[in-house]
$ cat run-v1.txt   # compact mmCIF, C-alpha atoms
# COMPACT_ATOMS: atom_id res chain seq x y z
CA MET A 1 111.95 -130.86 62.35
CA ARG A 2 112.66 -127.17 61.75
CA ALA A 3 114.67 -126.19 58.65
CA LEU A 4 115.30 -123.43 56.11
CA THR A 5 114.39 -124.58 52.62
CA ILE A 6 113.40 -123.68 49.09
CA SER A 7 110.96 -125.47 46.79
CA ALA A 8 111.82 -123.56 43.62
CA HIS A 9 114.58 -121.33 42.31
CA GLY A 10 114.31 -117.54 42.25
CA GLY A 11 114.97 -114.70 44.66
CA LEU A 12 115.07 -114.60 48.44
CA ASP A 13 111.27 -114.66 48.44
CA ARG A 14 111.64 -118.38 47.73
CA LEU A 15 113.03 -119.03 51.22
CA GLU A 16 110.71 -121.12 53.39
CA TYR A 17 111.07 -121.65 57.14
CA ARG A 18 109.54 -125.05 57.87
CA GLU A 19 108.68 -126.80 61.13
CA ASP A 20 107.20 -129.99 59.69
CA LEU A 21 110.04 -131.85 57.99
CA PRO A 22 110.73 -135.50 58.86
CA GLU A 23 113.77 -136.19 61.00
CA PRO A 24 116.66 -137.90 59.18
CA THR A 25 117.76 -141.30 60.52
CA LEU A 26 120.97 -143.31 60.33
CA SER A 27 120.96 -145.31 57.11
CA GLY A 28 124.26 -147.16 57.46
CA PRO A 29 126.89 -148.33 59.95
CA THR A 30 129.21 -145.38 59.23
CA ASP A 31 126.61 -142.62 59.55
CA VAL A 32 126.56 -139.94 62.23
CA ARG A 33 123.50 -137.95 63.31
CA ILE A 34 124.18 -134.45 64.59
CA ARG A 35 121.90 -132.09 66.46
CA VAL A 36 122.88 -128.87 64.68
CA THR A 37 123.40 -125.80 66.85
CA ALA A 38 124.38 -123.33 64.13
CA GLY A 39 125.24 -123.00 60.45
CA ALA A 40 126.88 -120.25 58.42
CA LEU A 41 125.77 -118.73 55.13
CA ASN A 42 127.98 -118.75 52.05
CA HIS A 43 127.51 -117.04 48.70
CA LEU A 44 127.06 -120.54 47.34
CA ASP A 45 123.69 -120.59 49.11
CA ILE A 46 122.56 -117.46 47.29
CA PHE A 47 123.68 -118.91 43.94
CA LEU A 48 121.78 -122.13 44.74
CA ILE A 49 118.60 -120.20 45.47
CA GLY A 50 118.92 -118.49 42.09
CA GLY A 51 119.69 -121.77 40.34
CA LEU A 52 122.96 -123.30 39.19
CA PRO A 53 123.59 -125.01 35.83
CA GLY A 54 123.28 -128.79 36.14
CA VAL A 55 122.14 -128.67 39.77
CA ASN A 56 118.65 -129.98 40.50
CA ILE A 57 116.75 -129.80 43.78
CA THR A 58 113.99 -131.94 45.28
CA PRO A 59 111.50 -129.83 47.26
CA PRO A 60 111.60 -129.03 50.08
CA TRP A 61 115.37 -128.54 49.65
CA ILE A 62 117.37 -127.82 52.81
CA LEU A 63 119.99 -125.11 52.29
CA GLY A 64 123.40 -124.72 53.92
CA ALA A 65 126.93 -126.11 53.66
CA ASP A 66 128.41 -125.24 57.07
CA ALA A 67 127.35 -126.64 60.44
CA THR A 68 128.41 -127.26 64.01
CA GLY A 69 126.59 -129.29 66.58
CA VAL A 70 126.65 -132.23 68.98
CA VAL A 71 126.72 -135.90 67.98
CA GLU A 72 123.36 -137.46 68.89
CA SER A 73 123.84 -141.01 67.56
CA VAL A 74 126.35 -143.03 65.51
CA GLY A 75 126.37 -146.14 63.37
CA GLU A 76 127.84 -149.34 64.72
CA ASP A 77 131.11 -148.98 62.79
CA VAL A 78 131.85 -145.37 63.79
CA THR A 79 134.96 -144.96 65.96
CA THR A 80 136.16 -141.43 65.20
CA VAL A 81 133.45 -139.57 67.12
CA ALA A 82 131.08 -140.47 69.94
CA VAL A 83 127.72 -139.36 71.26
CA GLY A 84 128.08 -136.00 73.00
CA ASP A 85 131.08 -134.81 70.99
CA THR A 86 131.09 -131.22 69.71
CA VAL A 87 131.80 -131.35 65.98
CA ILE A 88 131.95 -129.48 62.71
CA VAL A 89 131.20 -130.89 59.27
CA ASN A 90 133.30 -131.01 56.11
CA PRO A 91 130.86 -129.68 53.47
CA GLY A 92 132.37 -131.83 50.69
CA THR A 93 131.81 -135.55 50.11
CA SER A 94 133.29 -137.89 47.50
CA CYS A 95 133.24 -141.54 46.40
CA GLY A 96 136.38 -142.47 48.37
CA HIS A 97 137.83 -144.94 45.87
CA CYS A 98 138.55 -143.23 42.53
CA GLU A 99 142.06 -142.14 41.49
CA TYR A 100 141.48 -138.61 42.81
CA CYS A 101 140.17 -139.76 46.18
CA LEU A 102 142.98 -142.27 46.57
CA SER A 103 145.51 -139.49 45.90
CA ASP A 104 143.80 -137.28 48.52
CA ASP A 105 142.41 -134.83 45.97
CA GLN A 106 138.72 -135.37 46.70
CA PRO A 107 137.46 -132.10 45.10
CA LEU A 108 138.41 -133.55 41.69
CA CYS A 109 136.31 -136.69 42.25
CA LEU A 110 133.64 -137.03 39.56
CA ARG A 111 131.14 -137.74 42.35
CA TYR A 112 132.23 -134.85 44.56
CA ARG A 113 129.21 -133.18 46.15
CA ILE A 114 128.71 -130.23 48.48
CA LEU A 115 126.10 -130.07 51.21
CA GLY A 116 123.27 -127.74 50.32
CA GLU A 117 124.20 -127.75 46.63
CA HIS A 118 124.14 -131.37 45.46
CA ILE A 119 122.67 -133.01 48.58
CA PRO A 120 120.34 -131.58 51.24
CA GLY A 121 122.14 -129.16 53.51
CA THR A 122 122.81 -128.14 57.07
CA PHE A 123 120.19 -125.51 57.98
CA ALA A 124 118.08 -127.97 59.95
CA GLU A 125 117.85 -129.20 63.51
CA LEU A 126 119.20 -132.64 62.59
CA LEU A 127 121.79 -133.71 60.04
CA VAL A 128 122.99 -137.19 59.02
CA VAL A 129 126.36 -137.44 57.25
CA PRO A 130 129.15 -140.03 56.87
CA ALA A 131 131.56 -140.23 59.80
CA ARG A 132 134.46 -139.28 57.51
CA SER A 133 132.84 -135.83 57.16
CA VAL A 134 132.61 -135.22 60.93
CA TYR A 135 135.44 -133.73 63.00
CA ARG A 136 135.63 -133.30 66.76
CA VAL A 137 136.43 -129.71 67.85
CA PRO A 138 136.79 -127.99 71.23
CA SER A 139 133.45 -126.98 72.72
CA THR A 140 135.25 -123.94 74.14
CA VAL A 141 135.30 -122.30 70.70
CA PRO A 142 132.21 -120.06 70.47
CA THR A 143 129.36 -121.67 68.57
CA ALA A 144 129.12 -118.99 65.87
CA GLN A 145 132.84 -119.24 65.08
CA ARG A 146 132.63 -123.02 64.85
CA ALA A 147 129.71 -122.69 62.45
CA ALA A 148 131.54 -120.13 60.31
CA PHE A 149 134.81 -122.03 60.08
CA GLY A 150 134.52 -124.90 57.60
CA LEU A 151 133.92 -123.91 53.99
CA ALA A 152 135.60 -120.49 54.05
CA THR A 153 138.72 -121.70 55.86
CA LEU A 154 139.05 -124.83 53.74
CA THR A 155 138.75 -122.79 50.54
CA ALA A 156 141.30 -120.24 51.77
CA TRP A 157 143.73 -122.94 52.92
CA ARG A 158 143.75 -124.70 49.55
CA MET A 159 144.22 -121.39 47.70
CA VAL A 160 146.97 -120.06 49.96
CA VAL A 161 148.87 -123.12 51.15
CA THR A 162 148.31 -125.86 48.57
CA ARG A 163 147.95 -123.95 45.31
CA ALA A 164 149.79 -120.62 45.65
CA ARG A 165 152.27 -121.92 48.26
CA VAL A 166 152.46 -118.54 49.94
CA GLN A 167 155.58 -118.11 52.04
CA ALA A 168 157.21 -115.52 54.24
CA GLY A 169 158.10 -112.36 52.35
CA ASP A 170 155.58 -112.80 49.54
CA ASP A 171 153.43 -109.83 48.54
CA VAL A 172 149.84 -111.09 48.32
CA LEU A 173 146.83 -109.17 46.97
CA ILE A 174 143.37 -110.22 48.20
CA TRP A 175 140.28 -108.76 46.55
CA GLY A 176 137.12 -107.86 48.47
CA ILE A 177 138.11 -107.98 52.11
CA GLY A 178 135.09 -108.53 54.31
CA GLY A 179 133.97 -111.79 52.74
CA GLY A 180 134.55 -115.02 54.63
CA VAL A 181 137.15 -116.56 52.29
CA ALA A 182 139.03 -113.27 51.89
CA LEU A 183 139.25 -112.74 55.65
CA GLN A 184 140.44 -116.29 56.31
CA ALA A 185 142.98 -115.97 53.49
CA MET A 186 144.23 -112.70 54.98
CA GLN A 187 144.65 -114.23 58.44
CA LEU A 188 146.44 -117.24 56.96
CA CYS A 189 148.81 -115.15 54.82
CA ILE A 190 149.71 -112.96 57.82
CA GLN A 191 150.32 -116.11 59.87
CA LEU A 192 152.68 -117.38 57.15
CA GLY A 193 154.68 -114.13 57.21
CA ALA A 194 153.51 -112.68 53.89
CA ARG A 195 152.96 -108.97 53.23
CA VAL A 196 149.21 -108.69 52.70
CA TRP A 197 147.46 -106.18 50.44
CA VAL A 198 143.65 -106.04 50.53
CA THR A 199 140.99 -104.19 48.56
CA SER A 200 137.45 -103.09 49.31
CA GLY A 201 135.02 -100.45 48.15
CA SER A 202 134.46 -99.55 51.81
CA ASP A 203 136.97 -97.47 53.76
CA ALA A 204 135.42 -98.79 56.99
CA LYS A 205 136.22 -102.37 55.95
CA LEU A 206 139.76 -101.34 55.00
CA ASP A 207 140.19 -99.77 58.45
CA ARG A 208 139.11 -103.01 60.10
CA ALA A 209 141.47 -105.01 57.90
CA ARG A 210 144.38 -102.78 58.96
CA GLN A 211 143.43 -103.37 62.60
CA MET A 212 143.64 -107.11 61.91
CA GLY A 213 147.13 -106.79 60.43
CA ALA A 214 146.76 -106.01 56.72
CA HIS A 215 149.90 -104.21 55.57
CA GLU A 216 148.49 -102.28 52.59
CA THR A 217 144.90 -101.31 51.76
CA LEU A 218 143.34 -100.14 48.50
CA ASN A 219 139.87 -98.78 47.82
CA HIS A 220 139.06 -100.34 44.45
CA HIS A 221 136.30 -97.78 43.84
CA SER A 222 138.33 -94.62 44.40
CA GLN A 223 141.87 -95.79 43.60
CA ASP A 224 143.57 -97.28 40.56
CA VAL A 225 144.62 -100.59 42.10
CA VAL A 226 147.21 -101.50 39.48
CA ARG A 227 148.80 -98.05 39.41
CA GLU A 228 148.97 -97.94 43.22
CA ILE A 229 150.55 -101.39 43.45
CA ARG A 230 153.15 -100.58 40.79
CA ALA A 231 153.99 -97.30 42.53
CA ARG A 232 154.23 -98.79 46.02
CA THR A 233 156.33 -101.77 44.91
CA GLY A 234 158.70 -99.91 42.58
CA LYS A 235 156.97 -101.57 39.58
CA ARG A 236 157.72 -105.05 40.92
CA GLY A 237 154.08 -106.12 41.45
CA MET A 238 152.56 -108.96 43.46
CA ASP A 239 153.93 -112.43 44.02
CA VAL A 240 150.39 -113.78 44.52
CA VAL A 241 146.89 -112.54 43.71
CA LEU A 242 143.80 -114.21 45.21
CA ASP A 243 140.75 -113.46 43.06
CA ASN A 244 137.22 -114.80 43.57
CA VAL A 245 135.47 -112.03 41.62
CA GLY A 246 136.25 -112.98 38.02
CA GLU A 247 135.32 -110.72 35.12
CA ALA A 248 135.25 -107.41 37.01
CA THR A 249 138.73 -107.81 38.51
CA TRP A 250 140.60 -110.20 36.21
CA LYS A 251 142.36 -107.58 34.11
CA ARG A 252 143.48 -105.70 37.22
CA SER A 253 144.56 -108.93 38.88
CA LEU A 254 146.85 -109.70 35.96
CA GLY A 255 148.05 -106.09 35.85
CA SER A 256 149.03 -106.40 39.51
CA LEU A 257 151.09 -109.59 39.05
CA GLY A 258 154.84 -109.40 39.03
CA ARG A 259 157.18 -111.69 37.15
CA ARG A 260 156.75 -115.35 38.15
CA GLY A 261 153.48 -114.25 39.79
CA ARG A 262 150.84 -116.76 40.83
CA LEU A 263 147.14 -115.99 40.44
CA VAL A 264 144.64 -118.26 42.19
CA THR A 265 140.90 -118.03 41.60
CA CYS A 266 138.08 -119.82 43.41
CA GLY A 267 135.08 -118.07 41.89
CA GLY A 268 133.57 -115.73 39.36
CA THR A 269 130.87 -113.80 41.18
CA SER A 270 130.93 -110.93 38.68
CA GLY A 271 131.05 -113.09 35.56
CA ALA A 272 132.66 -116.28 34.32
CA ILE A 273 134.31 -115.24 31.03
CA VAL A 274 137.67 -113.45 31.26
CA GLU A 275 140.40 -112.43 28.81
CA THR A 276 144.12 -113.05 29.22
CA ASP A 277 146.89 -111.65 27.03
CA VAL A 278 148.87 -114.84 26.54
CA ARG A 279 151.94 -112.84 25.50
CA ARG A 280 152.14 -111.20 28.93
CA MET A 281 151.47 -114.55 30.53
CA PHE A 282 154.40 -116.34 28.92
CA TRP A 283 156.76 -113.36 28.97
CA ASN A 284 156.27 -112.83 32.71
CA GLN A 285 156.07 -116.60 33.35
CA TRP A 286 152.87 -116.35 35.33
CA THR A 287 151.07 -119.32 36.85
CA LEU A 288 147.26 -119.08 36.70
CA MET A 289 145.45 -121.58 38.92
CA GLY A 290 141.96 -122.65 39.84
CA SER A 291 141.06 -123.84 43.32
CA THR A 292 137.92 -125.42 44.76
CA MET A 293 137.18 -126.52 48.32
CA GLY A 294 139.86 -128.87 49.76
CA SER A 295 140.87 -132.44 50.55
CA GLU A 296 140.20 -134.45 53.68
CA THR A 297 143.83 -133.94 54.71
CA GLU A 298 143.43 -130.19 54.27
CA PHE A 299 140.24 -130.21 56.34
CA ALA A 300 142.06 -132.08 59.10
CA ALA A 301 144.81 -129.44 58.93
CA ILE A 302 142.40 -126.55 59.42
CA VAL A 303 140.70 -128.37 62.31
CA THR A 304 144.12 -128.53 63.96
CA GLU A 305 144.37 -124.75 63.55
CA LEU A 306 140.93 -124.27 65.08
CA ALA A 307 141.80 -126.48 68.04
CA ALA A 308 144.93 -124.39 68.60
CA GLY A 309 142.89 -121.17 68.61
CA ARG A 310 144.21 -119.97 65.28
CA LEU A 311 142.34 -118.74 62.18
CA LEU A 312 139.18 -118.07 64.19
CA PRO A 313 136.70 -116.59 61.72
CA ILE A 314 135.19 -113.13 62.06
CA VAL A 315 131.43 -113.29 62.67
CA ASP A 316 129.43 -110.38 61.32
CA SER A 317 126.02 -111.25 62.75
CA VAL A 318 123.87 -114.08 64.10
CA PHE A 319 120.20 -114.62 63.22
CA PRO A 320 117.69 -117.21 64.47
CA LEU A 321 116.78 -119.89 61.95
CA SER A 322 113.23 -118.51 61.78
CA ASP A 323 114.65 -115.19 60.56
CA GLY A 324 116.65 -116.79 57.77
CA ARG A 325 115.54 -114.34 55.11
CA ALA A 326 116.98 -111.40 57.07
CA ALA A 327 120.28 -113.30 57.31
CA PHE A 328 120.35 -113.81 53.55
CA GLU A 329 119.48 -110.17 52.96
CA ARG A 330 122.45 -109.19 55.11
CA LEU A 331 124.79 -111.38 53.06
CA GLN A 332 123.31 -110.26 49.75
CA SER A 333 123.74 -106.58 50.69
CA GLY A 334 127.53 -106.91 50.68
CA GLU A 335 127.72 -104.77 53.81
CA GLN A 336 128.84 -107.60 56.10
CA PHE A 337 132.36 -107.92 57.49
CA GLY A 338 132.77 -111.60 58.22
CA LYS A 339 130.37 -114.49 58.29
CA VAL A 340 126.59 -114.40 58.72
CA VAL A 341 125.44 -117.22 61.01
CA LEU A 342 122.11 -118.91 61.71
CA GLN A 343 121.44 -120.07 65.27
CA ILE A 344 119.49 -123.29 64.85
CA SER A 345 119.24 -124.74 68.36
CA GLU A 346 120.71 -124.21 71.82
CA GLY A 347 124.33 -125.08 72.43
$ encode --input "run-v1.txt" --output "structure tokens"
Amino acid sequence: MRALTISAHGGLDRLEYREDLPEPTLSGPTDVRIRVTAGALNHLDIFLIGGLPGVNITPPWILGADATGVVESVGEDVTTVAVGDTVIVNPGTSCGHCEYCLSDDQPLCLRYRILGEHIPGTFAELLVVPARSVYRVPSTVPTAQRAAFGLATLTAWRMVVTRARVQAGDDVLIWGIGGGVALQAMQLCIQLGARVWVTSGSDAKLDRARQMGAHETLNHHSQDVVREIRARTGKRGMDVVLDNVGEATWKRSLGSLGRRGRLVTCGGTSGAIVETDVRRMFWNQWTLMGSTMGSETEFAAIVTELAAGRLLPIVDSVFPLSDGRAAFERLQSGEQFGKVVLQISEG
């Protein structure tokens, strides 16, 4: 079986394209085996290559969290999908019976795991996962968009809908437009009727965001984001800030928040340790929230959006599996606008 793997942590030179891996088989009555047609890269994959605290790999480790493909075989107890169905995969799995799982908050499960990070991933010709992780989707949606949909859209949905509860009329600031989560969050906020503000260090990316419906754009390299927001809003500030950058943007995110503002973060790509002036926090009655992945109910909700032709992800580029390093270099460069996808097999 062909796959994209690593055997040790380090840089992109650790990537290994393999053609000799054993094919996975069904191990239980609720398993589903998928012939994978494509998978999308996430920054999580780059962090995994470099090494993550507390995360161990068994060589050769298959990378990837996102996948689309066609069901090839199912266990005897599977009723939700059938052989021949076009599907996508929920990247997160959980125990299914703890207090968090039973309250439909699977990302808080102590045994929550993500494909490609805690268990072997999706960048392979064949993938075996539990049926509860597999969702039927229209085959009419282009393969690359199906592959790019799962993790980014799920993360954006939880941030925007579940945590921040964005509604019509809200002013929402999204950092770093061009990334998968940021673009899906922008599309979702526009769909909900919010007024969307986006930042980038690239004027070309800001132009594309405006073409997609962004209401206000800010170049965070050449403009003072906080000053601009205060000036354009009559000092009122943002109702919601979506921040996945962390240390480099945290102070400006807080400076952009208005009274009763909600800040939601799903990452810290620039650094994990931030400072907050608690006096400003309580005086302005801010709500600061974390957000990770999403529940099974939330994944079902985004699949409904996909089936309706909404929230289709932007695809930056598609690479063959054998050229996986070039795909990762594209993502690592930060020049992409949308998702980078690996074509794994025909379909």
$ closest_residue --input "run-v1.txt" --among "A:Ser256, A:Thr199, A:Thr249, A:Gln211" --to "Arg232 of chain A" --atoms "all atoms listed in the file"
A:Ser256
$ residues_around --input "run-v1.txt" --residues "Phe149 of chain A" --least-positions-apart "2" --cutoff "10 Å" --atoms "all atoms listed in the file" --output "VMD selection string"
chain A and resid 39 to 40 66 to 68 88 to 90 144 to 147 151 to 154 180 to 181 184 302 to 303 306 311 to 315 339
$ closest_residue --input "run-v1.txt" --among "A:Ser94, A:Thr5, A:Ser322, A:Thr287" --to "Leu48 of chain A" --atoms "only C-alpha atoms"
A:Thr5
$ atom_distance --input "run-v1.txt" --atom1 "atom CA of Thr292 of chain A" --atom2 "atom CA of Gln187 of chain A"
18.9 Å
$ residues_around --input "run-v1.txt" --residues "Gly268 of chain A" --least-positions-apart "6" --cutoff "8 Å" --atoms "only C-alpha atoms" --output "ChimeraX atom specification"
/A:244-247
$ closest_residue --input "run-v1.txt" --among "A:Arg195, A:His43, A:Arg259, A:Arg280" --to "Glu117 of chain A" --atoms "all atoms listed in the file"
A:His43
$ closest_residue --input "run-v1.txt" --among "A:Gly237, A:Gly258, A:Pro91, A:Pro22" --to "Pro60 of chain A" --atoms "all atoms listed in the file"
A:Pro22
$ atom_distance --input "run-v1.txt" --atom1 "atom CA of Ser333 of chain A" --atom2 "atom CA of Thr217 of chain A"
21.8 Å
$ residues_around --input "run-v1.txt" --residues "Ile57 of chain A" --least-positions-apart "4" --cutoff "9 Å" --atoms "all atoms listed in the file" --output "PDB file with C-alpha atoms, in the coordinates of the input"
ATOM      1  CA  ILE A   6     113.400-123.680  49.090  1.00  0.00           C
ATOM      2  CA  SER A   7     110.960-125.470  46.790  1.00  0.00           C
ATOM      3  CA  ALA A   8     111.820-123.560  43.620  1.00  0.00           C
ATOM      4  CA  HIS A   9     114.580-121.330  42.310  1.00  0.00           C
ATOM      5  CA  TRP A  61     115.370-128.540  49.650  1.00  0.00           C
ATOM      6  CA  GLU A 117     124.200-127.750  46.630  1.00  0.00           C
ATOM      7  CA  HIS A 118     124.140-131.370  45.460  1.00  0.00           C
ATOM      8  CA  ILE A 119     122.670-133.010  48.580  1.00  0.00           C
ATOM      9  CA  PRO A 120     120.340-131.580  51.240  1.00  0.00           C
TER      10      PRO A 120
END
$ closest_residue --input "run-v1.txt" --among "A:Leu110, A:Gly179, A:Leu192, A:Asp323" --to "Lys205 of chain A" --atoms "all atoms listed in the file"
A:Gly179
$ closest_residue --input "run-v1.txt" --among "A:Val318, A:Ala231, A:Leu102, A:Met281" --to "Thr297 of chain A" --atoms "all atoms listed in the file"
A:Leu102
$ atom_distance --input "run-v1.txt" --atom1 "atom CA of Ala124 of chain A" --atom2 "atom CA of Glu305 of chain A"
26.7 Å
$ residues_around --input "run-v1.txt" --residues "Pro24 of chain A" --least-positions-apart "6" --cutoff "7 Å" --atoms "only C-alpha atoms" --output "VMD selection string"
chain A and resid 126 to 128
$ closest_atom_pairs --input "run-v1.txt" --of "segment 249-335 of chain A" --to "segment 223-227 of chain A" --cutoff "8 Å" --atoms "all atoms listed in the file" --output "Markdown table"
| residue | atom | partner | partner_atom | distance |
| --- | --- | --- | --- | --- |
| A:Arg252 | CA | A:Val226 | CA | 6.1 |
| A:Ser253 | CA | A:Val226 | CA | 7.9 |
| A:Gly255 | CA | A:Val226 | CA | 5.9 |
| A:Ser256 | CA | A:Val226 | CA | 5.2 |
$ residues_around --input "run-v1.txt" --residues "Asp316 of chain A" --least-positions-apart "5" --cutoff "8 Å" --atoms "all atoms listed in the file" --output "PyMOL selection string"
chain A and resi 336-341
$ residues_near_point --input "run-v1.txt" --point "(146.2, -121.6, 55.7)" --cutoff "10 Å" --atoms "all atoms listed in the file" --output "list in words"
Thr153, Leu154, Thr155, Ala156, Trp157, Arg158, Met159, Val160, Val161, Thr162, Arg165, Val166, Gln184, Ala185, Met186, Gln187, Leu188, Cys189, Ile190, Gln191, Leu192, Glu298, Ala301, Ile302, Glu305, Arg310 and Leu311 of chain A
$ write_last_selection --input "run-v1.txt" --atoms "C-alpha atoms" --output "compact mmCIF listing (two decimals), in the coordinates of the input"
# COMPACT_ATOMS: atom_id res chain seq x y z
CA THR A 153 138.72 -121.70 55.86
CA LEU A 154 139.05 -124.83 53.74
CA THR A 155 138.75 -122.79 50.54
CA ALA A 156 141.30 -120.24 51.77
CA TRP A 157 143.73 -122.94 52.92
CA ARG A 158 143.75 -124.70 49.55
CA MET A 159 144.22 -121.39 47.70
CA VAL A 160 146.97 -120.06 49.96
CA VAL A 161 148.87 -123.12 51.15
CA THR A 162 148.31 -125.86 48.57
CA ARG A 165 152.27 -121.92 48.26
CA VAL A 166 152.46 -118.54 49.94
CA GLN A 184 140.44 -116.29 56.31
CA ALA A 185 142.98 -115.97 53.49
CA MET A 186 144.23 -112.70 54.98
CA GLN A 187 144.65 -114.23 58.44
CA LEU A 188 146.44 -117.24 56.96
CA CYS A 189 148.81 -115.15 54.82
CA ILE A 190 149.71 -112.96 57.82
CA GLN A 191 150.32 -116.11 59.87
CA LEU A 192 152.68 -117.38 57.15
CA GLU A 298 143.43 -130.19 54.27
CA ALA A 301 144.81 -129.44 58.93
CA ILE A 302 142.40 -126.55 59.42
CA GLU A 305 144.37 -124.75 63.55
CA ARG A 310 144.21 -119.97 65.28
CA LEU A 311 142.34 -118.74 62.18
$ decode --input "run-v1.txt" --residues "segment 132-157 of chain A" --atoms "C-alpha atoms" --output "PDB file, in the first residue's frame"
ATOM      1  CA  ARG A 132     -19.327   6.386  13.676  1.00  0.00           C
ATOM      2  CA  SER A 133     -16.475   8.394  12.100  1.00  0.00           C
ATOM      3  CA  VAL A 134     -17.694   7.903   8.513  1.00  0.00           C
ATOM      4  CA  TYR A 135     -20.269  10.165   6.832  1.00  0.00           C
ATOM      5  CA  ARG A 136     -21.892   9.755   3.437  1.00  0.00           C
ATOM      6  CA  VAL A 137     -21.555  12.853   1.201  1.00  0.00           C
ATOM      7  CA  PRO A 138     -22.622  13.672  -2.369  1.00  0.00           C
ATOM      8  CA  SER A 139     -20.197  12.353  -4.967  1.00  0.00           C
ATOM      9  CA  THR A 140     -21.021  15.467  -7.001  1.00  0.00           C
ATOM     10  CA  VAL A 141     -18.879  17.610  -4.678  1.00  0.00           C
ATOM     11  CA  PRO A 142     -15.391  17.818  -6.235  1.00  0.00           C
ATOM     12  CA  THR A 143     -12.926  15.410  -4.659  1.00  0.00           C
ATOM     13  CA  ALA A 144     -10.464  18.068  -3.497  1.00  0.00           C
ATOM     14  CA  GLN A 145     -13.198  20.045  -1.729  1.00  0.00           C
ATOM     15  CA  ARG A 146     -14.466  16.919   0.005  1.00  0.00           C
ATOM     16  CA  ALA A 147     -10.941  16.167   1.172  1.00  0.00           C
ATOM     17  CA  ALA A 148     -10.426  19.713   2.444  1.00  0.00           C
ATOM     18  CA  PHE A 149     -13.707  19.982   4.307  1.00  0.00           C
ATOM     19  CA  GLY A 150     -13.554  18.064   7.582  1.00  0.00           C
ATOM     20  CA  LEU A 151     -11.086  19.367  10.148  1.00  0.00           C
ATOM     21  CA  ALA A 152     -11.068  23.032   9.103  1.00  0.00           C
ATOM     22  CA  THR A 153     -14.849  23.320   8.857  1.00  0.00           C
ATOM     23  CA  LEU A 154     -15.460  21.435  12.100  1.00  0.00           C
ATOM     24  CA  THR A 155     -12.981  23.666  13.947  1.00  0.00           C
ATOM     25  CA  ALA A 156     -14.528  26.825  12.487  1.00  0.00           C
ATOM     26  CA  TRP A 157     -18.077  25.676  13.264  1.00  0.00           C
TER      27      TRP A 157
END
